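To be precise, the following lines are work-v4.pdb, and they hold PDB, C-alpha atoms.
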MODEL        1
ATOM      1  CA  MET A 197       5.188  -7.807  25.089  1.00  0.00           C
ATOM      2  CA  SER A 198       2.438 -10.033  23.717  1.00  0.00           C
ATOM      3  CA  ALA A 199       3.291 -12.549  21.020  1.00  0.00           C
ATOM      4  CA  PRO A 200       1.494 -12.514  17.680  1.00  0.00           C
ATOM      5  CA  VAL A 201      -1.194 -15.125  17.134  1.00  0.00           C
ATOM      6  CA  GLU A 202      -0.203 -17.676  14.494  1.00  0.00           C
ATOM      7  CA  GLY A 203      -2.225 -17.002  11.377  1.00  0.00           C
ATOM      8  CA  ALA A 204      -3.461 -13.644  12.664  1.00  0.00           C
ATOM      9  CA  PRO A 205      -3.804 -10.892  10.057  1.00  0.00           C
ATOM     10  CA  LEU A 206      -1.344  -8.057   9.810  1.00  0.00           C
ATOM     11  CA  GLU A 207      -2.966  -4.655  10.267  1.00  0.00           C
ATOM     12  CA  LEU A 208      -1.230  -1.343   9.627  1.00  0.00           C
ATOM     13  CA  PHE A 209      -2.593   1.947  10.888  1.00  0.00           C
ATOM     14  CA  TRP A 210      -1.181   4.724   8.736  1.00  0.00           C
ATOM     15  CA  GLY A 211      -1.706   8.297   7.578  1.00  0.00           C
ATOM     16  CA  SER A 212      -1.449   9.851   4.125  1.00  0.00           C
ATOM     17  CA  GLY A 213       1.797  11.784   3.754  1.00  0.00           C
ATOM     18  CA  SER A 214       3.467  10.301   6.827  1.00  0.00           C
ATOM     19  CA  THR A 215       6.942   9.310   5.671  1.00  0.00           C
ATOM     20  CA  PRO A 216       7.411   6.761   8.502  1.00  0.00           C
ATOM     21  CA  ALA A 217       4.074   5.150   7.597  1.00  0.00           C
ATOM     22  CA  TRP A 218       5.057   5.050   3.922  1.00  0.00           C
ATOM     23  CA  ARG A 219       8.196   3.087   4.827  1.00  0.00           C
ATOM     24  CA  ALA A 220       6.103   0.439   6.562  1.00  0.00           C
ATOM     25  CA  LEU A 221       3.692   0.186   3.625  1.00  0.00           C
ATOM     26  CA  LEU A 222       6.586  -0.267   1.203  1.00  0.00           C
ATOM     27  CA  ALA A 223       8.115  -2.938   3.435  1.00  0.00           C
ATOM     28  CA  LEU A 224       4.864  -4.902   3.462  1.00  0.00           C
ATOM     29  CA  HIS A 225       4.745  -4.775  -0.336  1.00  0.00           C
ATOM     30  CA  ILE A 226       8.394  -5.600  -0.924  1.00  0.00           C
ATOM     31  CA  LYS A 227       7.868  -8.641   1.332  1.00  0.00           C
ATOM     32  CA  GLY A 228       4.649  -9.565  -0.438  1.00  0.00           C
ATOM     33  CA  LEU A 229       2.813  -9.819   2.888  1.00  0.00           C
ATOM     34  CA  PRO A 230      -0.975  -9.558   2.879  1.00  0.00           C
ATOM     35  CA  TYR A 231      -2.265  -6.933   5.295  1.00  0.00           C
ATOM     36  CA  THR A 232      -5.236  -4.786   6.142  1.00  0.00           C
ATOM     37  CA  GLY A 233      -4.553  -1.078   6.009  1.00  0.00           C
ATOM     38  CA  HIS A 234      -6.385   1.408   8.228  1.00  0.00           C
ATOM     39  CA  LEU A 235      -5.981   4.905   6.789  1.00  0.00           C
ATOM     40  CA  LEU A 236      -6.384   7.471   9.575  1.00  0.00           C
ATOM     41  CA  SER A 237      -7.191  11.122   8.929  1.00  0.00           C
ATOM     42  CA  PHE A 238      -4.938  13.632  10.646  1.00  0.00           C
ATOM     43  CA  SER A 239      -7.369  16.486  10.000  1.00  0.00           C
ATOM     44  CA  ALA A 240     -10.208  14.517  11.616  1.00  0.00           C
ATOM     45  CA  ARG A 241      -7.882  13.730  14.555  1.00  0.00           C
ATOM     46  CA  GLU A 242      -8.372  10.003  14.107  1.00  0.00           C
ATOM     47  CA  THR A 243      -4.954   9.371  15.667  1.00  0.00           C
ATOM     48  CA  ARG A 244      -6.310  10.908  18.889  1.00  0.00           C
ATOM     49  CA  THR A 245      -9.419   8.794  19.328  1.00  0.00           C
ATOM     50  CA  PRO A 246      -9.693   6.670  22.482  1.00  0.00           C
ATOM     51  CA  GLU A 247      -9.668   3.535  20.326  1.00  0.00           C
ATOM     52  CA  PHE A 248      -6.390   4.386  18.609  1.00  0.00           C
ATOM     53  CA  LEU A 249      -4.740   5.738  21.767  1.00  0.00           C
ATOM     54  CA  ALA A 250      -5.508   2.403  23.405  1.00  0.00           C
ATOM     55  CA  LEU A 251      -3.298   0.831  20.725  1.00  0.00           C
ATOM     56  CA  ASN A 252      -0.617   3.508  20.685  1.00  0.00           C
ATOM     57  CA  PRO A 253      -0.729   5.972  23.590  1.00  0.00           C
ATOM     58  CA  ARG A 254       1.596   8.311  21.664  1.00  0.00           C
ATOM     59  CA  GLY A 255      -1.022   8.647  18.929  1.00  0.00           C
ATOM     60  CA  LYS A 256       1.505   8.077  16.138  1.00  0.00           C
ATOM     61  CA  VAL A 257       1.522   6.243  12.845  1.00  0.00           C
ATOM     62  CA  PRO A 258       2.563   3.782  11.691  1.00  0.00           C
ATOM     63  CA  THR A 259       1.263   1.296  14.229  1.00  0.00           C
ATOM     64  CA  LEU A 260       1.300  -2.409  13.385  1.00  0.00           C
ATOM     65  CA  ARG A 261      -1.070  -4.936  14.955  1.00  0.00           C
ATOM     66  CA  HIS A 262      -0.415  -8.644  14.511  1.00  0.00           C
ATOM     67  CA  GLY A 263      -2.777 -10.602  16.667  1.00  0.00           C
ATOM     68  CA  ALA A 264      -2.043  -9.630  20.253  1.00  0.00           C
ATOM     69  CA  LEU A 265       1.165  -7.842  19.312  1.00  0.00           C
ATOM     70  CA  VAL A 266       1.063  -4.083  18.762  1.00  0.00           C
ATOM     71  CA  LEU A 267       4.204  -2.355  17.541  1.00  0.00           C
ATOM     72  CA  ALA A 268       4.942   1.296  16.848  1.00  0.00           C
ATOM     73  CA  GLU A 269       7.944   3.146  15.343  1.00  0.00           C
ATOM     74  CA  SER A 270       8.670   2.539  11.676  1.00  0.00           C
ATOM     75  CA  LEU A 271      12.194   1.152  12.018  1.00  0.00           C
ATOM     76  CA  ALA A 272      11.008  -1.318  14.651  1.00  0.00           C
ATOM     77  CA  ILE A 273       8.188  -2.361  12.306  1.00  0.00           C
ATOM     78  CA  LEU A 274      10.641  -2.856   9.438  1.00  0.00           C
ATOM     79  CA  ALA A 275      12.861  -4.995  11.673  1.00  0.00           C
ATOM     80  CA  TYR A 276       9.856  -7.046  12.822  1.00  0.00           C
ATOM     81  CA  LEU A 277       8.658  -7.665   9.277  1.00  0.00           C
ATOM     82  CA  ASP A 278      12.168  -8.713   8.288  1.00  0.00           C
ATOM     83  CA  ARG A 279      12.174 -11.443  10.936  1.00  0.00           C
ATOM     84  CA  LEU A 280       8.589 -12.414  10.135  1.00  0.00           C
ATOM     85  CA  ALA A 281       9.338 -12.863   6.418  1.00  0.00           C
ATOM     86  CA  PRO A 282      13.131 -13.058   5.941  1.00  0.00           C
ATOM     87  CA  SER A 283      13.102 -12.932   2.123  1.00  0.00           C
ATOM     88  CA  PRO A 284      13.904 -10.610   0.523  1.00  0.00           C
ATOM     89  CA  PRO A 285      15.983  -9.259   3.412  1.00  0.00           C
ATOM     90  CA  LEU A 286      15.597  -5.625   4.413  1.00  0.00           C
ATOM     91  CA  PHE A 287      18.579  -5.625   6.752  1.00  0.00           C
ATOM     92  CA  GLY A 288      21.135  -7.595   4.763  1.00  0.00           C
ATOM     93  CA  GLN A 289      22.434 -11.124   4.811  1.00  0.00           C
ATOM     94  CA  THR A 290      25.814 -10.521   6.463  1.00  0.00           C
ATOM     95  CA  ALA A 291      26.897  -8.832   9.655  1.00  0.00           C
ATOM     96  CA  ALA A 292      28.658  -6.121   7.644  1.00  0.00           C
ATOM     97  CA  ALA A 293      25.571  -5.380   5.552  1.00  0.00           C
ATOM     98  CA  HIS A 294      23.315  -5.467   8.610  1.00  0.00           C
ATOM     99  CA  GLY A 295      25.439  -2.877  10.365  1.00  0.00           C
ATOM    100  CA  ALA A 296      25.784  -0.706   7.265  1.00  0.00           C
ATOM    101  CA  ILE A 297      22.021  -0.675   6.663  1.00  0.00           C
ATOM    102  CA  TRP A 298      21.256   0.291  10.248  1.00  0.00           C
ATOM    103  CA  ARG A 299      23.913   3.000  10.055  1.00  0.00           C
ATOM    104  CA  ALA A 300      22.332   4.406   6.892  1.00  0.00           C
ATOM    105  CA  CYS A 301      18.864   4.356   8.462  1.00  0.00           C
ATOM    106  CA  LEU A 302      20.078   6.147  11.576  1.00  0.00           C
ATOM    107  CA  ASP A 303      22.151   8.542   9.481  1.00  0.00           C
ATOM    108  CA  HIS A 304      18.893   9.646   7.888  1.00  0.00           C
ATOM    109  CA  GLU A 305      17.021   9.824  11.185  1.00  0.00           C
ATOM    110  CA  ASN A 306      19.705  11.753  13.065  1.00  0.00           C
ATOM    111  CA  VAL A 307      21.394  13.889  10.401  1.00  0.00           C
ATOM    112  CA  ALA A 308      19.857  13.968   6.933  1.00  0.00           C
ATOM    113  CA  GLY A 309      16.217  13.967   8.013  1.00  0.00           C
ATOM    114  CA  PRO A 310      16.623  17.019  10.263  1.00  0.00           C
ATOM    115  CA  ALA A 311      18.563  18.800   7.490  1.00  0.00           C
ATOM    116  CA  LEU A 312      15.776  18.144   4.974  1.00  0.00           C
ATOM    117  CA  SER A 313      13.143  19.157   7.523  1.00  0.00           C
ATOM    118  CA  LEU A 314      14.536  22.681   7.603  1.00  0.00           C
ATOM    119  CA  LEU A 315      13.026  23.011   4.121  1.00  0.00           C
ATOM    120  CA  VAL A 316      10.148  20.554   4.338  1.00  0.00           C
ATOM    121  CA  ARG A 317       8.445  21.780   7.486  1.00  0.00           C
ATOM    122  CA  PRO A 318       8.078  25.459   6.598  1.00  0.00           C
ATOM    123  CA  LEU A 319       7.186  24.725   2.971  1.00  0.00           C
ATOM    124  CA  LEU A 320       4.568  22.059   3.683  1.00  0.00           C
ATOM    125  CA  PHE A 321       3.279  22.765   7.161  1.00  0.00           C
ATOM    126  CA  GLY A 322       4.289  26.199   8.367  1.00  0.00           C
ATOM    127  CA  ALA A 323       3.509  29.803   7.816  1.00  0.00           C
ATOM    128  CA  ALA A 324       5.738  31.949   5.630  1.00  0.00           C
ATOM    129  CA  PRO A 325       9.358  30.990   6.428  1.00  0.00           C
ATOM    130  CA  GLU A 326      11.591  33.506   8.102  1.00  0.00           C
ATOM    131  CA  VAL A 327      13.564  35.662   5.704  1.00  0.00           C
ATOM    132  CA  GLY A 328      16.700  33.807   4.638  1.00  0.00           C
ATOM    133  CA  SER A 329      15.906  30.612   6.565  1.00  0.00           C
ATOM    134  CA  LEU A 330      15.340  28.463   3.484  1.00  0.00           C
ATOM    135  CA  GLU A 331      18.481  29.688   1.775  1.00  0.00           C
ATOM    136  CA  VAL A 332      20.510  28.907   4.904  1.00  0.00           C
ATOM    137  CA  ALA A 333      19.186  25.333   4.885  1.00  0.00           C
ATOM    138  CA  VAL A 334      20.126  24.637   1.254  1.00  0.00           C
ATOM    139  CA  PRO A 335      23.857  23.800   1.714  1.00  0.00           C
ATOM    140  CA  GLY A 336      23.044  21.093   4.266  1.00  0.00           C
ATOM    141  CA  VAL A 337      20.469  19.556   1.939  1.00  0.00           C
ATOM    142  CA  VAL A 338      22.902  19.655  -0.982  1.00  0.00           C
ATOM    143  CA  ASP A 339      25.555  17.901   1.100  1.00  0.00           C
ATOM    144  CA  GLU A 340      23.169  15.093   2.054  1.00  0.00           C
ATOM    145  CA  LEU A 341      21.897  14.592  -1.497  1.00  0.00           C
ATOM    146  CA  ASP A 342      25.450  14.608  -2.838  1.00  0.00           C
ATOM    147  CA  ARG A 343      26.237  11.725  -0.477  1.00  0.00           C
ATOM    148  CA  LEU A 344      23.080   9.839  -1.403  1.00  0.00           C
ATOM    149  CA  ALA A 345      23.600  10.275  -5.146  1.00  0.00           C
ATOM    150  CA  ALA A 346      27.202   9.097  -4.886  1.00  0.00           C
ATOM    151  CA  ALA A 347      26.161   5.949  -3.010  1.00  0.00           C
ATOM    152  CA  VAL A 348      23.341   4.943  -5.357  1.00  0.00           C
ATOM    153  CA  HIS A 349      25.375   5.810  -8.453  1.00  0.00           C
ATOM    154  CA  GLU A 350      28.100   3.416  -7.339  1.00  0.00           C
ATOM    155  CA  ARG A 351      25.932   0.549  -6.073  1.00  0.00           C
ATOM    156  CA  GLY A 352      22.391   1.050  -7.400  1.00  0.00           C
ATOM    157  CA  ALA A 353      21.247   1.065  -3.789  1.00  0.00           C
ATOM    158  CA  ILE A 354      22.484   2.692  -0.604  1.00  0.00           C
ATOM    159  CA  VAL A 355      24.165  -0.469   0.750  1.00  0.00           C
ATOM    160  CA  GLU A 356      25.533  -3.122  -1.607  1.00  0.00           C
ATOM    161  CA  GLY A 357      23.310  -3.822  -4.602  1.00  0.00           C
ATOM    162  CA  ASP A 358      19.965  -4.880  -3.141  1.00  0.00           C
ATOM    163  CA  LEU A 359      17.194  -2.611  -1.964  1.00  0.00           C
ATOM    164  CA  SER A 360      17.101  -2.490   1.808  1.00  0.00           C
ATOM    165  CA  ALA A 361      15.422  -0.721   4.697  1.00  0.00           C
ATOM    166  CA  ALA A 362      17.875   2.135   4.131  1.00  0.00           C
ATOM    167  CA  ASP A 363      16.539   2.738   0.629  1.00  0.00           C
ATOM    168  CA  LEU A 364      12.940   2.808   1.864  1.00  0.00           C
ATOM    169  CA  VAL A 365      13.815   5.281   4.622  1.00  0.00           C
ATOM    170  CA  TRP A 366      15.725   7.647   2.354  1.00  0.00           C
ATOM    171  CA  TYR A 367      13.302   7.386  -0.558  1.00  0.00           C
ATOM    172  CA  CYS A 368      10.283   8.391   1.516  1.00  0.00           C
ATOM    173  CA  GLY A 369      12.165  11.324   2.990  1.00  0.00           C
ATOM    174  CA  LEU A 370      13.315  12.393  -0.437  1.00  0.00           C
ATOM    175  CA  ARG A 371       9.844  12.232  -1.936  1.00  0.00           C
ATOM    176  CA  THR A 372       8.562  14.455   0.864  1.00  0.00           C
ATOM    177  CA  LEU A 373      11.321  16.950   0.104  1.00  0.00           C
ATOM    178  CA  ASP A 374      10.413  16.687  -3.570  1.00  0.00           C
ATOM    179  CA  ARG A 375       6.807  17.577  -2.787  1.00  0.00           C
ATOM    180  CA  ALA A 376       7.875  20.498  -0.603  1.00  0.00           C
ATOM    181  CA  LEU A 377      10.033  21.900  -3.395  1.00  0.00           C
ATOM    182  CA  THR A 378       7.003  22.103  -5.714  1.00  0.00           C
ATOM    183  CA  ARG A 379       5.249  24.540  -3.366  1.00  0.00           C
ATOM    184  CA  PRO A 380       4.951  28.156  -4.573  1.00  0.00           C
ATOM    185  CA  ALA A 381       7.074  29.415  -1.687  1.00  0.00           C
ATOM    186  CA  ALA A 382      10.000  27.260  -2.827  1.00  0.00           C
ATOM    187  CA  GLU A 383       9.783  28.604  -6.356  1.00  0.00           C
ATOM    188  CA  ALA A 384       9.623  32.139  -5.061  1.00  0.00           C
ATOM    189  CA  HIS A 385      12.874  31.649  -3.150  1.00  0.00           C
ATOM    190  CA  GLY A 386      14.744  30.237  -6.164  1.00  0.00           C
ATOM    191  CA  LEU A 387      16.429  27.491  -4.165  1.00  0.00           C
ATOM    192  CA  GLY A 388      17.881  25.773  -7.240  1.00  0.00           C
ATOM    193  CA  LEU A 389      17.162  22.231  -6.068  1.00  0.00           C
ATOM    194  CA  TRP A 390      14.159  21.132  -8.121  1.00  0.00           C
ATOM    195  CA  PRO A 391      13.712  18.984 -10.093  1.00  0.00           C
ATOM    196  CA  LEU A 392      15.956  16.818  -7.996  1.00  0.00           C
ATOM    197  CA  CYS A 393      16.894  14.449 -10.804  1.00  0.00           C
ATOM    198  CA  ALA A 394      18.112  17.287 -12.978  1.00  0.00           C
ATOM    199  CA  ARG A 395      20.765  18.133 -10.413  1.00  0.00           C
ATOM    200  CA  TRP A 396      21.329  14.560  -9.172  1.00  0.00           C
ATOM    201  CA  PRO A 397      20.622  12.256 -12.155  1.00  0.00           C
ATOM    202  CA  ALA A 398      21.775   9.169 -10.243  1.00  0.00           C
ATOM    203  CA  LEU A 399      18.591   9.459  -8.172  1.00  0.00           C
ATOM    204  CA  ARG A 400      16.425   8.684 -11.196  1.00  0.00           C
ATOM    205  CA  PRO A 401      17.222   4.952 -11.709  1.00  0.00           C
ATOM    206  CA  TRP A 402      17.400   4.415  -7.948  1.00  0.00           C
ATOM    207  CA  ALA A 403      13.926   5.904  -7.441  1.00  0.00           C
ATOM    208  CA  ALA A 404      12.625   3.870 -10.370  1.00  0.00           C
ATOM    209  CA  ARG A 405      13.750   0.638  -8.643  1.00  0.00           C
ATOM    210  CA  ILE A 406      11.688   1.478  -5.571  1.00  0.00           C
ATOM    211  CA  GLU A 407       8.715   2.585  -7.646  1.00  0.00           C
ATOM    212  CA  ALA A 408       8.840  -0.795  -9.419  1.00  0.00           C
ATOM    213  CA  ILE A 409       8.049  -2.646  -6.176  1.00  0.00           C
ATOM    214  CA  PRO A 410       4.827  -4.602  -6.828  1.00  0.00           C
ATOM    215  CA  GLY A 411       1.921  -2.644  -5.379  1.00  0.00           C
ATOM    216  CA  PHE A 412       3.874   0.597  -5.086  1.00  0.00           C
ATOM    217  CA  GLU A 413       0.899   2.604  -6.342  1.00  0.00           C
ATOM    218  CA  GLN A 414      -1.158   1.363  -3.392  1.00  0.00           C
ATOM    219  CA  THR A 415       1.351   2.887  -0.979  1.00  0.00           C
ATOM    220  CA  PHE A 416       1.439   6.352  -2.568  1.00  0.00           C
ATOM    221  CA  PRO A 417      -0.024   9.041  -0.250  1.00  0.00           C
ATOM    222  CA  PRO A 418      -3.626   9.456  -1.460  1.00  0.00           C
ATOM    223  CA  HIS A 419      -3.882  13.180  -0.845  1.00  0.00           C
ATOM    224  CA  TRP A 420      -0.753  13.828  -2.898  1.00  0.00           C
ATOM    225  CA  ARG A 421      -2.712  12.757  -5.969  1.00  0.00           C
ATOM    226  CA  GLU A 422      -5.158  15.594  -5.455  1.00  0.00           C
ATOM    227  CA  GLY A 423      -2.690  18.334  -6.366  1.00  0.00           C
ATOM    228  CA  THR A 424      -1.487  19.300  -9.792  1.00  0.00           C
ATOM    229  CA  ALA A 425       2.197  19.781  -8.987  1.00  0.00           C
ATOM    230  CA  PRO A 426       4.481  17.469 -10.999  1.00  0.00           C
ATOM    231  CA  LEU A 427       6.669  14.888  -9.324  1.00  0.00           C
ATOM    232  CA  GLY A 428      10.372  15.613  -9.385  1.00  0.00           C
ATOM    233  CA  LEU A 429      12.069  12.231  -9.193  1.00  0.00           C
ATOM    234  CA  HIS A 430      12.178   9.715 -12.034  1.00  0.00           C
ATOM    235  CA  LEU A 431       8.861  10.977 -13.406  1.00  0.00           C
ATOM    236  CA  ALA A 432      10.221  14.490 -14.070  1.00  0.00           C
TER
ENDMDL
END
Could I get this structure in the form of structure tokens?
Amino acid sequence: MSAPVEGAPLELFWGSGSTPAWRALLALHIKGLPYTGHLLSFSARETRTPEFLALNPRGKVPTLRHGALVLAESLAILAYLDRLAPSPPLFGQTAAAHGAIWRACLDHENVAGPALSLLVRPLLFGAAPEVGSLEVAVPGVVDELDRLAAAVHERGAIVEGDLSAADLVWYCGLRTLDRALTRPAAEAHGLGLWPLCARWPALRPWAARIEAIPGFEQTFPPHWREGTAPLGLHLA
């Protein structure tokens, strides 16, 4: 692995609506790190150009370039940025917090994220969902959001009291679910989940903390602003 060049600019290659890319953008802003963002179009297949594939052969965003160093995978990028600029910490200040934050991140990646995707993918990206498939997915989503709401109600954040990588990971996933639940197909199925903060009011102040990160508006997926659907977290 190449080392970054001292004083080299940070560059982030990202895509609008990519939840992993959104995490990386939020991390850069919570750290106050200057960077150059390269917004790639999925529809124009800009993640499949020879130039981008030379950086990341998997053709995925986010991809971070820091001098000679090129790093993919959002959690790896968050960990790198945390070492690059240790304050405020994204992965805690104690061994216990460090482990708890990683557990919460991986809990989302391995359990909650797939549960939410059973609603998100057909509503945002797929054809008409199979009859009954959305309704079957609802109990798993409810269970995950019950756990999240209980944690942030007690602590104001997922781990201890400070915002961490875990909050960025879960928030971006939750906002994508929120967007999916505003689609006409969701309303037609009467899933009873939206607006999220009506059912889980503890999510409102927690989301507001993340949305108060300086520069948050710059991280918001640009194409989400083009629709007219309302937002279902603290703005609802």
Pick from A:Ser329, A:Ile226, A:Trp396, A:Trp420, whichever lies nearest to Arg371 of chain A using all atoms listed in the file: A:Trp420
Starting from the displayed file, determine the output of the PyMOL selection byres ((chain A and resi 294) around 12) and express the residue list as a PyMOL selection string. chain A and resi 275+278+285-293+295-301+355-356+360-362
Using all atoms listed in the file, which protein or nucleic acid residues come within 8 Å of segment 209-220 of chain A? Drop anything in the same chain fewer than 2 positions from it, and give the result as a ChimeraX atom specification. /A:207,222-224,233-238,257-260,269-270,273-274,364-365,368-369,372,415-420
Residues proximal to (27.4, 4.8, -9.7) were defined as those with any atom within 12 Å of that point in the file's coordinates, counting only C-alpha atoms. Which are they, as a PyMOL selection string? chain A and resi 343-354+356-357+396-402
Starting from the displayed file, determine the output of the PyMOL selection byres ((chain A and resi 388-393) around 10) and express the residue list as number ranges by chain. A: 331, 334, 337-338, 341, 345, 370-371, 373-378, 382-383, 385-387, 394-401, 403, 426-432
Name the closest residue to Leu280 of chain A among the candidates A:Ala381, A:Leu221, A:Leu229, A:Leu330; distances are taken between atoms, counting only C-alpha atoms. A:Leu229
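Taking only C-alpha atoms into account, Ala204 of chain A lies nearest to A:Arg261 out of the set A:Lys227, A:Lys256, A:Arg244, A:Arg261.
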Separation of atom CA of Phe248 of chain A from atom CA of Leu265 of chain A, in Å and rounded to one decimal: 14.4 Å
Carefully work through the PyMOL selection byres ((chain A and resi 308) around 9) for this structure and note down the residues it includes, as a short mmCIF file (atom, residue, chain, number, x, y, z; two decimals) with C-alpha atoms, in the coordinates of the input.
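Output below, filename result-v5.cif:
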data_model
loop_
_atom_site.label_atom_id
_atom_site.label_comp_id
_atom_site.auth_asym_id
_atom_site.auth_seq_id
_atom_site.Cartn_x
_atom_site.Cartn_y
_atom_site.Cartn_z
CA ASP A 303 22.15 8.54 9.48
CA HIS A 304 18.89 9.65 7.89
CA GLU A 305 17.02 9.82 11.18
CA ASN A 306 19.70 11.75 13.06
CA VAL A 307 21.39 13.89 10.40
CA GLY A 309 16.22 13.97 8.01
CA PRO A 310 16.62 17.02 10.26
CA ALA A 311 18.56 18.80 7.49
CA LEU A 312 15.78 18.14 4.97
CA SER A 313 13.14 19.16 7.52
CA GLY A 336 23.04 21.09 4.27
CA VAL A 337 20.47 19.56 1.94
CA GLU A 340 23.17 15.09 2.05
CA LEU A 341 21.90 14.59 -1.50
CA TRP A 366 15.72 7.65 2.35
#
Using only C-alpha atoms, which of the listed residues (A:Thr245, A:Thr232, A:Gln414, A:Ser283) sits closest to Leu208 of chain A? A:Thr232
In Å, how far is it from atom CA of Gly411 of chain A to atom CA of His225 of chain A?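 Taking atom CA of Gly411 of chain A and atom CA of His225 of chain A, their separation equals 6.2 Å.
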When you draw a straight line from atom CA of Leu314 of chain A to atom CA of Arg254 of chain A, how long is it in Å?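 Computed distance, atom CA of Leu314 of chain A to atom CA of Arg254 of chain A, equals 23.9 Å.
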Any chance you could export segment 345-363 of chain A with N, CA and C atoms, as a tab-separated table (two decimals), in the first residue's frame?
chain	number	residue	atom	x	y	z
A	345	ALA	N	-33.93	3.21	18.34
A	345	ALA	CA	-34.60	4.27	19.10
A	345	ALA	C	-34.31	4.15	20.59
A	346	ALA	N	-34.26	2.93	21.10
A	346	ALA	CA	-33.98	2.74	22.52
A	346	ALA	C	-32.57	3.21	22.86
A	347	ALA	N	-31.61	2.92	21.97
A	347	ALA	CA	-30.22	3.33	22.23
A	347	ALA	C	-30.08	4.84	22.21
A	348	VAL	N	-30.63	5.49	21.19
A	348	VAL	CA	-30.43	6.95	21.09
A	348	VAL	C	-31.29	7.71	22.09
A	349	HIS	N	-32.40	7.12	22.52
A	349	HIS	CA	-33.21	7.75	23.56
A	349	HIS	C	-32.44	7.78	24.88
A	350	GLU	N	-31.72	6.71	25.16
A	350	GLU	CA	-30.99	6.60	26.42
A	350	GLU	C	-29.73	7.46	26.44
A	351	ARG	N	-29.01	7.49	25.28
A	351	ARG	CA	-27.68	8.10	25.29
A	351	ARG	C	-27.54	9.33	24.38
A	352	GLY	N	-28.52	9.58	23.53
A	352	GLY	CA	-28.40	10.68	22.57
A	352	GLY	C	-27.55	10.33	21.37
A	353	ALA	N	-26.94	9.18	21.41
A	353	ALA	CA	-26.14	8.64	20.31
A	353	ALA	C	-26.14	7.12	20.49
A	354	ILE	N	-25.64	6.41	19.50
A	354	ILE	CA	-25.73	4.96	19.57
A	354	ILE	C	-24.79	4.39	20.63
A	355	VAL	N	-23.60	4.97	20.77
A	355	VAL	CA	-22.63	4.52	21.77
A	355	VAL	C	-22.22	5.72	22.61
A	356	GLU	N	-22.39	5.62	23.90
A	356	GLU	CA	-22.07	6.71	24.83
A	356	GLU	C	-22.80	7.97	24.38
A	357	GLY	N	-22.22	9.15	24.59
A	357	GLY	CA	-22.98	10.36	24.30
A	357	GLY	C	-22.54	11.14	23.08
A	358	ASP	N	-21.39	10.76	22.50
A	358	ASP	CA	-20.84	11.51	21.38
A	358	ASP	C	-21.20	10.83	20.06
A	359	LEU	N	-21.39	11.65	19.03
A	359	LEU	CA	-21.60	11.08	17.71
A	359	LEU	C	-20.36	10.31	17.29
A	360	SER	N	-20.58	9.19	16.63
A	360	SER	CA	-19.47	8.33	16.24
A	360	SER	C	-19.73	7.79	14.84
A	361	ALA	N	-18.79	6.97	14.37
A	361	ALA	CA	-18.97	6.31	13.08
A	361	ALA	C	-20.27	5.52	13.04
A	362	ALA	N	-20.66	4.95	14.17
A	362	ALA	CA	-21.90	4.16	14.21
A	362	ALA	C	-23.11	5.03	13.88
A	363	ASP	N	-23.14	6.25	14.38
A	363	ASP	CA	-24.27	7.13	14.09
A	363	ASP	C	-24.32	7.50	12.62
